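The next block is work-v8.tsv, given as TSV, C-alpha atoms.
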chain	number	residue	atom	x	y	z
T	296	MET	CA	-23.73	-17.19	0.84
T	297	PRO	CA	-21.77	-15.34	3.50
T	298	ASP	CA	-23.11	-12.35	5.39
T	299	ALA	CA	-20.99	-9.53	3.95
T	300	ARG	CA	-22.41	-6.80	6.21
T	301	PRO	CA	-19.59	-6.95	8.80
T	302	PHE	CA	-17.04	-6.79	5.97
T	303	GLU	CA	-18.82	-3.79	4.44
T	304	ALA	CA	-18.87	-2.00	7.81
T	305	ARG	CA	-15.11	-2.56	8.27
T	306	LEU	CA	-14.45	-1.39	4.72
T	307	ARG	CA	-16.36	1.82	5.29
T	308	ALA	CA	-14.54	2.36	8.60
T	309	PHE	CA	-11.20	1.85	6.81
T	310	ILE	CA	-12.17	4.47	4.23
T	311	GLY	CA	-13.26	6.88	6.96
T	312	VAL	CA	-9.96	6.50	8.81
T	313	CYS	CA	-8.00	7.02	5.60
T	314	LYS	CA	-9.95	10.13	4.69
T	315	GLY	CA	-9.66	11.43	8.26
T	316	PHE	CA	-5.87	11.29	8.01
T	317	GLY	CA	-5.73	12.69	4.47
T	318	ILE	CA	-4.80	9.32	2.97
T	319	VAL	CA	-6.15	8.39	-0.45
T	320	PRO	CA	-8.03	5.11	0.10
T	321	VAL	CA	-7.65	2.49	-2.61
T	322	LEU	CA	-9.83	-0.62	-2.77
T	323	VAL	CA	-8.81	-3.73	-4.69
T	324	THR	CA	-10.93	-6.73	-5.60
T	325	GLU	CA	-9.43	-10.13	-4.86
T	326	PRO	CA	-9.37	-12.79	-7.57
T	327	LEU	CA	-10.13	-16.42	-6.80
T	328	ALA	CA	-9.91	-18.95	-9.60
T	329	THR	CA	-12.44	-21.73	-9.94
T	330	VAL	CA	-9.79	-24.32	-10.83
T	331	ARG	CA	-8.82	-26.52	-7.88
T	332	ASN	CA	-5.85	-28.70	-7.05
T	333	GLY	CA	-4.45	-30.44	-3.97
T	334	LEU	CA	-3.09	-27.14	-2.62
T	335	THR	CA	-6.41	-25.27	-2.76
T	336	PRO	CA	-7.88	-24.79	0.73
T	337	ASP	CA	-11.23	-26.50	1.27
T	338	TRP	CA	-12.78	-23.22	2.38
T	339	ALA	CA	-11.97	-21.38	-0.90
T	340	ASN	CA	-15.29	-20.53	-2.53
T	341	PRO	CA	-15.39	-18.44	-5.73
T	342	ASP	CA	-19.09	-17.62	-5.32
T	343	SER	CA	-18.50	-16.27	-1.81
T	344	GLN	CA	-15.45	-14.32	-3.02
T	345	GLU	CA	-17.59	-12.70	-5.69
T	346	VAL	CA	-20.01	-11.53	-2.97
T	347	PHE	CA	-17.13	-9.74	-1.25
T	348	ASN	CA	-15.82	-8.33	-4.54
T	349	PHE	CA	-19.32	-7.01	-5.27
T	350	VAL	CA	-19.28	-5.23	-1.90
T	351	VAL	CA	-15.84	-3.74	-2.64
T	352	ARG	CA	-17.07	-2.41	-6.00
T	353	GLN	CA	-20.28	-1.05	-4.49
T	354	VAL	CA	-18.58	0.66	-1.54
T	355	ALA	CA	-15.92	2.20	-3.81
T	356	ALA	CA	-18.64	3.69	-6.00
T	357	GLN	CA	-20.72	4.94	-3.08
T	358	GLU	CA	-17.74	6.43	-1.22
T	359	GLY	CA	-16.11	7.87	-4.37
T	360	VAL	CA	-12.79	6.14	-3.80
T	361	VAL	CA	-10.33	4.50	-6.17
T	362	LEU	CA	-11.12	0.93	-7.16
T	363	LEU	CA	-8.51	-1.29	-8.76
T	364	ASP	CA	-10.61	-4.17	-10.02
T	365	LEU	CA	-7.95	-6.85	-10.15
T	366	SER	CA	-10.48	-9.66	-10.34
T	367	ARG	CA	-12.19	-8.20	-13.40
T	368	HIS	CA	-8.81	-7.42	-14.97
T	369	LEU	CA	-7.79	-11.07	-14.83
T	370	VAL	CA	-11.09	-12.24	-16.31
T	371	GLU	CA	-11.11	-9.66	-19.11
T	372	LYS	CA	-7.42	-9.18	-19.95
T	373	VAL	CA	-5.43	-12.29	-19.01
T	374	PRO	CA	-6.28	-15.21	-21.31
T	375	GLY	CA	-5.98	-18.57	-19.61
T	376	TYR	CA	-5.51	-17.06	-16.16
T	377	GLU	CA	-7.19	-20.10	-14.57
T	378	ARG	CA	-4.89	-22.67	-16.16
T	379	PRO	CA	-2.88	-24.44	-13.46
T	380	MET	CA	0.34	-22.60	-12.61
T	381	GLN	CA	-0.42	-19.84	-15.15
T	382	VAL	CA	-1.25	-17.16	-12.56
T	383	PHE	CA	-2.15	-19.14	-9.42
T	384	TYR	CA	-0.63	-22.23	-7.92
T	385	ASP	CA	-3.68	-23.00	-5.75
T	386	ALA	CA	-6.50	-20.79	-7.08
T	387	MET	CA	-5.59	-17.83	-4.85
T	388	HIS	CA	-1.84	-17.49	-4.28
T	389	VAL	CA	0.10	-16.25	-7.27
T	390	THR	CA	3.04	-17.71	-9.14
T	391	ASP	CA	5.97	-15.55	-10.27
T	392	ALA	CA	4.04	-14.77	-13.47
T	393	GLY	CA	0.95	-13.94	-11.42
T	394	SER	CA	2.98	-11.60	-9.21
T	395	ARG	CA	4.16	-9.77	-12.30
T	396	ILE	CA	0.58	-9.42	-13.61
T	397	TYR	CA	-0.63	-8.15	-10.24
T	398	GLY	CA	2.28	-5.74	-9.86
T	399	GLU	CA	1.95	-4.25	-13.34
T	400	PHE	CA	-1.80	-3.76	-13.00
T	401	LEU	CA	-1.66	-2.27	-9.50
T	402	ALA	CA	1.32	-0.01	-10.25
T	403	ALA	CA	-0.32	1.32	-13.42
T	404	GLY	CA	-3.59	1.95	-11.61
T	405	LEU	CA	-1.91	3.74	-8.72
T	406	ALA	CA	0.20	5.86	-11.07
T	407	GLU	CA	-2.85	6.89	-13.08
T	408	LEU	CA	-5.49	7.24	-10.38
T	409	VAL	CA	-3.69	8.05	-7.12
T	410	LEU	CA	-0.33	9.66	-7.87
T	411	PRO	CA	-1.80	12.86	-9.41
T	412	THR	CA	-3.90	13.43	-6.27
T	413	VAL	CA	-0.96	12.83	-3.93
T	414	LEU	CA	1.30	15.16	-5.92
T	415	ALA	CA	-1.37	17.87	-6.10
T	416	ARG	CA	-1.83	17.73	-2.32
T	417	ARG	CA	1.91	17.94	-1.71
T	418	GLN	CA	2.17	20.96	-3.99
T	419	GLY	CA	-0.84	22.64	-2.37
T	420	ARG	CA	-2.86	22.56	-5.58
T	421	PRO	CA	-6.61	21.85	-5.65
T	422	VAL	CA	-7.42	18.19	-6.13
T	423	GLN	CA	-9.69	17.34	-9.05
T	424	ASN	CA	-12.32	14.72	-8.28
T	425	ALA	CA	-13.57	13.00	-11.42
T	426	GLY	CA	-16.12	10.82	-9.66
T	427	THR	CA	-15.26	7.23	-8.85
T	428	PRO	CA	-12.00	6.34	-10.54
T	429	THR	CA	-11.81	2.70	-11.52
T	430	ALA	CA	-9.04	0.73	-13.14
T	431	THR	CA	-10.14	-2.45	-14.80
T	432	SER	CA	-7.48	-2.80	-17.44
T	433	HIS	CA	-4.04	-1.42	-18.14
Target format structure tokens, applied to this file:
Amino acid sequence: MPDARPFEARLRAFIGVCKGFGIVPVLVTEPLATVRNGLTPDWANPDSQEVFNFVVRQVAAQEGVVLLDLSRHLVEKVPGYERPMQVFYDAMHVTDAGSRIYGEFLAAGLAELVLPTVLARRQGRPVQNAGTPTATSH
């Protein structure tokens, strides 16, 4: 398994920079299908990707920032997402249909979990913090 500590440190630094500039940080997990074909890079490893996704989830919870759990969304809400050419053409890069799924999920999560905070800040209203907002399905 990979050593995810350097990744975690960079993630926390990214969050710190965002917060320092008044930017709402948003973390997103990265899906990686287990199905392989001739286009899948040799280095693609779903078990290693899950280590990094675990770190993203953990850091989001600890730092109280928005998490859009795209990986979990695919597993739980997109039947057959691992079928060849359904969502991915090589286990990681998305097809047109995959782009649509990603876009709809991310846009809905941002609209629900980030937009109210941004608008409240712009209007000088207090920002409500409801803990660690997470979008896993929309």
Interface rows for stretch 300-389 of chain T against stretch 406-426 of chain T: nearest pair, Å to one decimal, 10 Å, only C-alpha atoms, as a tab-separated table:
residue	atom	partner	partner_atom	distance
T:Gly317	CA	T:Arg416	CA	9.3
T:Ile318	CA	T:Val413	CA	8.6
T:Val319	CA	T:Val409	CA	7.1
T:Pro320	CA	T:Val409	CA	8.9
T:Val321	CA	T:Val409	CA	8.2
T:Ala356	CA	T:Gly426	CA	8.4
T:Gln357	CA	T:Gly426	CA	10.0
T:Glu358	CA	T:Gly426	CA	9.7
T:Gly359	CA	T:Gly426	CA	6.1
T:Val360	CA	T:Gly426	CA	8.2
T:Val361	CA	T:Leu408	CA	7.0
T:Leu362	CA	T:Leu408	CA	9.0
T:Leu363	CA	T:Leu408	CA	9.2
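Computed from the coordinates, the atom CA of T:Val323 to atom CA of T:Arg378 distance equals 22.5 Å.
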request  = Rank nothing, just name the residue among T:Ala328, T:Gly393, T:Leu322, T:Gly311 nearest to T:Arg352, using only C-alpha atoms.
outcome  =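 For T:Arg352, the nearest of the given residues is T:Leu322.
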request  = Provide the atom CA of T:Ser366 to atom CA of T:Phe349 distance in Å, to one decimal place.
outcome  =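 It comes out at 10.5 Å.
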key: Which residue of T:Pro297, T:Ala392, T:Val351, T:Gln344 approaches T:Tyr376 most closely, using all atoms listed in the file   = T:Ala392
query = At what distance in Å, to one decimal, does atom CA of T:Val312 lie from atom CA of T:His368?
reply = 27.6 Å
Residue among T:Ala339, T:Val330, T:Leu401, T:Ala299 lying closest to T:Asp364, counting all atoms listed in the file = T:Leu401
Residue neighbourhood T:Ala308, 12 Å, all atoms listed in the file, exclusion window fewer than 6 positions, as a PDB file with C-alpha atoms, in the frame of the given file:
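And here's part_14.pdb as it stands now:
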ATOM      1  CA  PRO T 301     -19.590  -6.950   8.800  1.00  0.00           C
ATOM      2  CA  PHE T 302     -17.040  -6.790   5.970  1.00  0.00           C
ATOM      3  CA  LYS T 314      -9.950  10.130   4.690  1.00  0.00           C
ATOM      4  CA  GLY T 315      -9.660  11.430   8.260  1.00  0.00           C
ATOM      5  CA  PRO T 320      -8.030   5.110   0.100  1.00  0.00           C
ATOM      6  CA  VAL T 354     -18.580   0.660  -1.540  1.00  0.00           C
ATOM      7  CA  GLU T 358     -17.740   6.430  -1.220  1.00  0.00           C
TER       8      GLU T 358
END
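Using only C-alpha atoms, the nearest neighbour of T:Leu327 within the list T:Glu377, T:Glu303, T:Asp298, T:Glu371 is T:Glu377.
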message = Calculated over all atoms listed in the file, which of the candidates T:Gln381, T:Thr329, T:Asn348, T:Ser343 has the smallest distance to T:Arg395?
response =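 For T:Arg395, the nearest of the candidates is T:Gln381.
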request  = Within 8 Å of T:Asp385, counting all atoms listed in the file, which residues show up once you throw out same-chain ones fewer than 2 positions away? Write them as a list in words, please.
outcome  =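 Counting all atoms listed in the file, the residues come to Arg331, Asn332, Gly333, Leu334, Thr335, Pro336, Pro379, Met380, Phe383, Met387, His388 and Val389 of chain T.
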Save out the residues we just selected, C-alpha atoms, as a JSON list (two decimals), in the coordinates of the input.
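Saved result, part_26.json, follows:
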[["chain", "number", "residue", "atom", "x", "y", "z"],
["T", 331, "ARG", "CA", -8.82, -26.52, -7.88],
["T", 332, "ASN", "CA", -5.85, -28.70, -7.05],
["T", 333, "GLY", "CA", -4.45, -30.44, -3.97],
["T", 334, "LEU", "CA", -3.09, -27.14, -2.62],
["T", 335, "THR", "CA", -6.41, -25.27, -2.76],
["T", 336, "PRO", "CA", -7.88, -24.79, 0.73],
["T", 379, "PRO", "CA", -2.88, -24.44, -13.46],
["T", 380, "MET", "CA", 0.34, -22.60, -12.61],
["T", 383, "PHE", "CA", -2.15, -19.14, -9.42],
["T", 387, "MET", "CA", -5.59, -17.83, -4.85],
["T", 388, "HIS", "CA", -1.84, -17.49, -4.28],
["T", 389, "VAL", "CA", 0.10, -16.25, -7.27]]
message = With distances taken over all atoms listed in the file, which residue among T:Asn340, T:Leu306, T:Thr324, T:Gly398 lies nearest T:Leu365?
response = T:Thr324
